[in-house]
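Student: Pasting a structure below so you can have a look.
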Amino acid sequence: MALSGKYDAKSVEKKWYNYWMDNNYFHSEVDEREAYTIVIPPPNVTGVLHMGHMLNNTIQDVLIRRARLNGYNACWVPGTDHASIATEAKVVAKLKEEGIDKNDLTREEFLEHAWEWTHKHGGIILEQLKKLGASCDWQRTAFTMDDNLSASVLKVFVDLYNKGLIYRGYRMVNWDPEAKTTLSDEEVIYEEKQGNLYYLTYKIEGSKDTLTIATTRPETIMGDTAICINPNDERFTHLKGKKAIIPIVNRSIAIIEDEYVDMEFGTGCLKVTPAHDPNDKTLGDKHQLEVIDIFNDDATLNSFGMHYEGKDRFVVRKEIVKELESIGALEKTETHLNKVGTSERTKAVIEPKLSDQWFLKMKDLAKPALDAVLDKDVHLVPEKFINTYRYWMENVRDWNISRQLWWGHQIPAYFYGDGKEDFVVAESREEALVLAKEKMGNTSLTDMDLRQDPDALDTWFSSWLWPMSVFNGILEPDNKEIKYYYPTNDLVTAPEILFFWVARMIIAGYEYRGEKPFTNVYLTGIVRDKQRRKMSKSLGNSPDPLDLIDQYGADGIRVGMLLSSPAGNDLMFDEDLCKQGSAFVNKIFNASKLVLGWDIDQNISQPEASAIAIDWYRSKFQKALVELENNYTKYRISDALMTTYKLIWDDFCGWLLEMIKPAYQSPIDIKTYQDVIAILEDNLKILHPFVPFISEEIWQQITDRKPEEALIISKWPLITSINEDVVKKFELAADVISGIRTIRKEKNIAFKETIELSVLNNESTDTSFDPVISKLGNISSLRYVSKKMEGVISFRVKSNEYFVPISGTINVEEEIKKLTDELTYTEGFLKSVQKKLQNERFVNNAPEQVIANERKKEADAMAKITTLKSSLDNLK
RNA sequence: GGGCGCUUAGCUCAGUUGGUUCAGAGCACUUGGUUUACACCCAAGGGGUCGGGGGUUCGAAUCCCUCAGCGCCCACCA
């Protein structure tokens, strides 16, 4: 079958993706082969594909396709994450547009909207992945809120609770007064803001003395319950044991001592407001201070705010400063740069707030997960992330797993009374009732008396089980799938979620299977634009991936993404890379078109040039295979691509095809044809992970294939032997051809004009590539001569000299200058080599190999100088 | 404030344990080209004192120190 015209990526990609799907090649079942598994980092269920996904999933697809070709039972599990807060925010926003306020809805009503939204938008992103060519096992598509995955979450929660690892605590959390919800630390963005530092004067009880504190938040003085000084601060020894009086409020508070106070900052005196500052809370707990919360949920002041009640915190700040000034309690105001936490979504300034939350004790859980990475049992790529990982794991803090949200897994804790401890934790309401009855000793308790905790679990509390839950390994720990596919092989994800997700998956893996969830973690970089800005929707600097696929083809994008993306480094995305990618695809197409378009003549024998060329390419290919193996094992995907790219473009297209190409409209001999087809097929195999579509297309065009003969499930070429000798001989020939081309260019000799070439052999040289030289140099006759020729242009390769007689006069001056320059350079080079060899310390200390090389350089240089000199003599 | 990392050709990056082929690749650039698979092409070129300075060594892009610039992660000094 012949190819013709231009490559039509769109129709080809559609055709083969459907073919792969129809033949179920992506699907994996437990069998006797070794498994190779990847679980996808589940994107947000209602998300759309962005450039980060493109990079991520391209890499995963390359790995999974290569594993498939290598004979593994390759299984790539796709799926989506319910993304609790992100999705809930979208639903709230959408409802708002429709004039519905979340607060007016019941939980059930809201969830109905959320599910509707999920069903409408859910999975769009997975459809987009198909366009990219992702060979996921779609029959295994999972969602973190699927029944069995949800059940897994509850089972784990109950289990950890029963182990005493989950507890309920009254803690300070991030409060978004605009959305009236708490936020996770990750959703708080700290921004540097120019603010003020106010110096406030407090009177000392029973004395004329005063003390001055510095604060950024004068409006919180109503919540002050102590003043703190450093016990080592000699300036304040007179204050020890005294009490201070809050201005305006006129309440007296203790002066406590704690080394926490930085003597250098401000005045060295600190006002303590345990309800509104995490550090103050810690201090308060330590010194058993009263906690006075002065804010309402919307960050207006409550009744503790006295005459400021009902006013917003920032309004109060302005007003109270004036009042303080008027009563002489404001000593001074300084500008002060501080970091203010703001809500990622509402931009509201976060208010620290105390509330009841659920926590998971992390320290003991983290231990095996830390060791796994340090021992390289779980291998982070690149390794630079190991340090960060260790630091985080060694300083891991308890994980706040509750969120004041509805969308997600509702915490399976059931309250049956009003006391803080009047609750039970169970996988189901029925169990909870039983437990509650037991706990209370009250058999009259009914289902009606149970109130489930309204909070939902942190999204990561479900995704940390992902590598297990997708194989149902939590609910049925002994099922054959989890035993077969777990631990998975590679995880490809972004470093941003190393802690939130990767570390926690490792933790969960050891806790629930006593084994790591994956062997390698490939951390990609962030996709940035040319100006190094992170690509984001809000900046509008991210191209639409689907438009790109439309324009450059999926294969083109895949190559474009991979051309410059070493692990862990950010990727400076440039559309030109996609252009280069589609140019590569075009090159593959055209080369195949050439080969498949040849007419075969059974009766002509194989030209010498073709025989040697094919011999050479086979060795070149083998060398590339070895290099690829090395690249892939080190997860150097870009290098693997570049190795393939150069092999195909330069060696296959640039050299091999040119060497064997029959004259225009002439037929090719059968032997060469068959050899080239075999080579082409091997090429397609190593190309396939990067450019799955075009490679399958060409593969199928070569001959009719049965479904079990598709490229996607073919066998990766074997590494056999490399003939280094022929590779070396070729390189010499290539240098000669290059020399001829240079002369043609310098002397303006068109290619179609044949030239004669004479060779003076100064070292034993093989002649096997002479037919190739003649063909690619368009040489009419290639002769060996025994002495220098005169009146000709010459060039040297190694110590051989080549002479090209040309018509017309030779510019002797020019030739002399060229030769002289080369001679000067070579002499200088020889000098430096000899200097090195005369250095005794070098000769005594350097390894033999290195010295031998220097001696060879010396000999080569001397030989070259001899030939250069005699050439010069001839010209003069 | 603490920790980690980076700085090599105009751009994006390789450079394994210091020593053949160590100063490289791809792109871009310059020049030339109907060499009928491909101008998404072919060929030939130019381009870097490896961020600055110092040290160790026979020998440093590579190891050490120091300075400068950049990036990331962690941390709410009121």
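Chain identifiers are assigned as A, B, and so on, following the order in which chains appear in the structure tokens; residues are numbered from 1 within each chain, and ligands are numbered from 1 in order of appearance.
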Residues within 10 Å of G24 of chain B, please, as JSON, numbers by chain. Count only C-alpha atoms (C1' of nucleotides); anything in the same chain fewer than 5 positions from it doesn't count.
Tutor: {"B": [8, 9, 14, 15]}
Student: Any chance you can output those residues with N, CA, C and O atoms (P, O5', C5', C4', C3', O3' and C1' of nucleotides) as a PDB file, in the first residue's frame?
Tutor:
ATOM      1  P     U B   8      23.612  29.541  32.389  1.00  0.00           P
ATOM      2  O5'   U B   8      24.933  28.719  32.090  1.00  0.00           O
ATOM      3  C5'   U B   8      26.156  29.402  31.845  1.00  0.00           C
ATOM      4  C4'   U B   8      27.002  28.598  30.915  1.00  0.00           C
ATOM      5  C3'   U B   8      26.389  28.352  29.538  1.00  0.00           C
ATOM      6  O3'   U B   8      26.580  29.467  28.682  1.00  0.00           O
ATOM      7  C1'   U B   8      27.189  26.322  30.385  1.00  0.00           C
ATOM      8  P     A B   9      25.420  29.970  27.804  1.00  0.00           P
ATOM      9  O5'   A B   9      26.047  29.924  26.357  1.00  0.00           O
ATOM     10  C5'   A B   9      26.476  31.132  25.703  1.00  0.00           C
ATOM     11  C4'   A B   9      26.284  30.955  24.227  1.00  0.00           C
ATOM     12  C3'   A B   9      24.833  31.018  23.761  1.00  0.00           C
ATOM     13  O3'   A B   9      24.467  32.240  23.164  1.00  0.00           O
ATOM     14  C1'   A B   9      26.028  29.234  22.740  1.00  0.00           C
ATOM     15  P     A B  14      19.215  20.021  32.449  1.00  0.00           P
ATOM     16  O5'   A B  14      19.812  18.852  31.578  1.00  0.00           O
ATOM     17  C5'   A B  14      21.040  19.026  30.938  1.00  0.00           C
ATOM     18  C4'   A B  14      21.327  17.793  30.159  1.00  0.00           C
ATOM     19  C3'   A B  14      22.538  17.059  30.719  1.00  0.00           C
ATOM     20  O3'   A B  14      22.125  16.040  31.577  1.00  0.00           O
ATOM     21  C1'   A B  14      22.937  17.693  28.477  1.00  0.00           C
ATOM     22  P     G B  15      22.956  15.726  32.881  1.00  0.00           P
ATOM     23  O5'   G B  15      24.354  15.504  32.178  1.00  0.00           O
ATOM     24  C5'   G B  15      25.508  15.474  32.892  1.00  0.00           C
ATOM     25  C4'   G B  15      26.689  15.474  31.971  1.00  0.00           C
ATOM     26  C3'   G B  15      27.926  16.026  32.662  1.00  0.00           C
ATOM     27  O3'   G B  15      28.577  15.019  33.393  1.00  0.00           O
ATOM     28  C1'   G B  15      27.594  17.193  30.657  1.00  0.00           C
TER      29        G B  15
END
Student: Step one, run DSSP on the backbone; step two, keep only residues of segment 311-447 of chain A assigned to alpha helix (DSSP H); then write them as a PyMOL selection string.
Tutor: chain A and resi 313-326+363-374+385-394+429-440
Student: Using only C-alpha atoms (C1' of nucleotides), determine which residues of chain A fall within 6 Å of chain B; present them as JSON, numbers by chain.
Tutor: {"A": [215, 583, 590, 591, 593, 594, 841, 842, 853]}
Student: Record the distance separating atom CA of Gly341 of chain A and atom CA of Ile320 of chain A, expressed in Å with one decimal.
Tutor: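 Separating atom CA of Gly341 of chain A from atom CA of Ile320 of chain A is a distance of 22.4 Å.
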Student: Show which residues sit within 12 Å of Leu3 of chain A, as a PyMOL selection string. Count only C-alpha atoms (C1' of nucleotides), and ignore same-chain residues fewer than 4 positions away.
Tutor: (chain A and resi 7-8+588-598+697-703) or (chain B and resi 37)
Student: By how many Å are atom CA of Ser666 of chain A and atom CA of Asp599 of chain A apart?
Tutor: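 Result for atom CA of Ser666 of chain A versus atom CA of Asp599 of chain A: 7.4 Å, one decimal.
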Student: May I ask which of the residues A:Thr335, A:Thr519, A:Ser462, A:Asn723 is the closest one to Val153 of chain A, counting only C-alpha atoms?
Tutor: A:Ser462
Student: Where does segment 67-175 of chain A meet segment 285-288 of chain A within 12 Å, residue by residue, with the nearest atom pair and distance in Å to one decimal for each, counting only C-alpha atoms, listed by chain and rising number, as a tab-separated table?
Tutor:
residue	atom	partner	partner_atom	distance
A:Tyr170	CA	A:Asp285	CA	11.3
A:Arg171	CA	A:Asp285	CA	10.9
A:Met172	CA	A:Asp285	CA	11.8
Student: How about saving the chosen residues, N, CA and C atoms kept, as a PDB file, in the first residue's frame?
Tutor:
ATOM      1  N   TYR A 170      -9.930  20.856  69.698  1.00  0.00           N
ATOM      2  CA  TYR A 170     -10.349  22.253  69.607  1.00  0.00           C
ATOM      3  C   TYR A 170      -9.118  23.031  69.179  1.00  0.00           C
ATOM      4  N   ARG A 171      -9.100  23.425  67.948  1.00  0.00           N
ATOM      5  CA  ARG A 171      -7.883  24.004  67.397  1.00  0.00           C
ATOM      6  C   ARG A 171      -8.170  25.291  66.639  1.00  0.00           C
ATOM      7  N   MET A 172      -7.098  25.979  66.383  1.00  0.00           N
ATOM      8  CA  MET A 172      -7.226  27.180  65.592  1.00  0.00           C
ATOM      9  C   MET A 172      -7.214  26.801  64.113  1.00  0.00           C
TER      10      MET A 172
END
Student: Restricting the calculation to only C-alpha atoms (C1' of nucleotides), which member of B:A75, B:A28, B:A39, B:C22 is positioned closest to U62 of chain B?
Tutor: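 Looking only at the distances to U62 of chain B, the closest residue turns out to be B:C22.
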Student: When you draw a straight line from atom CA of Gln531 of chain A to atom CA of Met642 of chain A, how long is it in Å?
Tutor: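 Between atom CA of Gln531 of chain A and atom CA of Met642 of chain A the gap is 24.7 Å.
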Student: Trp460 of chain A: which residues within 9 Å, counting only C-alpha atoms (C1' of nucleotides), same-chain residues fewer than 6 positions away excluded, as a compact mmCIF listing (two decimals) with all heavy atoms, in the first residue's frame?
Tutor:
# COMPACT_ATOMS: atom_id res chain seq x y z
N ALA A 83 -12.62 16.27 44.50
CA ALA A 83 -12.05 17.60 44.76
C ALA A 83 -12.97 18.47 45.59
O ALA A 83 -13.35 19.57 45.19
CB ALA A 83 -11.71 18.29 43.45
N ILE A 401 -8.20 16.79 59.12
CA ILE A 401 -8.89 16.11 58.02
C ILE A 401 -10.35 16.52 57.86
O ILE A 401 -11.04 16.03 56.98
CB ILE A 401 -8.82 14.57 58.19
CG1 ILE A 401 -9.28 14.18 59.58
CG2 ILE A 401 -7.40 14.08 57.92
CD1 ILE A 401 -9.35 12.67 59.78
N PHE A 500 1.00 16.69 50.05
CA PHE A 500 -0.44 16.54 50.19
C PHE A 500 -0.90 15.18 49.71
O PHE A 500 -1.82 14.58 50.23
CB PHE A 500 -1.16 17.62 49.39
CG PHE A 500 -0.75 18.99 49.81
CD1 PHE A 500 -0.41 19.95 48.88
CD2 PHE A 500 -0.65 19.30 51.16
CE1 PHE A 500 -0.01 21.21 49.28
CE2 PHE A 500 -0.24 20.55 51.57
CZ PHE A 500 0.08 21.51 50.62
N TRP A 501 -0.24 14.68 48.68
CA TRP A 501 -0.72 13.44 48.09
C TRP A 501 0.30 12.30 48.13
O TRP A 501 0.05 11.25 48.70
CB TRP A 501 -1.18 13.70 46.65
CG TRP A 501 -1.94 12.57 46.06
CD1 TRP A 501 -2.94 11.86 46.65
CD2 TRP A 501 -1.75 11.99 44.78
NE1 TRP A 501 -3.40 10.89 45.81
CE2 TRP A 501 -2.69 10.95 44.64
CE3 TRP A 501 -0.89 12.26 43.70
CZ2 TRP A 501 -2.79 10.18 43.49
CZ3 TRP A 501 -1.00 11.50 42.55
CH2 TRP A 501 -1.94 10.46 42.46
N ARG A 504 1.41 11.04 51.55
CA ARG A 504 0.30 10.40 52.26
C ARG A 504 -0.08 9.06 51.63
O ARG A 504 -0.48 8.13 52.33
CB ARG A 504 -0.91 11.34 52.28
CG ARG A 504 -0.69 12.48 53.26
CD ARG A 504 -1.72 13.57 53.08
NE ARG A 504 -1.51 14.66 54.02
CZ ARG A 504 -2.02 15.87 53.86
NH1 ARG A 504 -2.78 16.12 52.81
NH2 ARG A 504 -1.79 16.81 54.75
Student: Write out as a VMD selection string each polymer residue whose atoms come within 10 Å of Glu29 of chain A, counting only C-alpha atoms (C1' of nucleotides); drop sequence neighbours fewer than 6 positions from it.
Tutor: chain A and resid 35 73 to 75 137 481 484 to 485
Student: Show which residues sit within 12 Å of U66 of chain B, as a list in words. Count only C-alpha atoms (C1' of nucleotides), and ignore same-chain residues fewer than 5 positions away.
Tutor: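 So the residues in contact are G52, G53, G54 and G55 of chain B.
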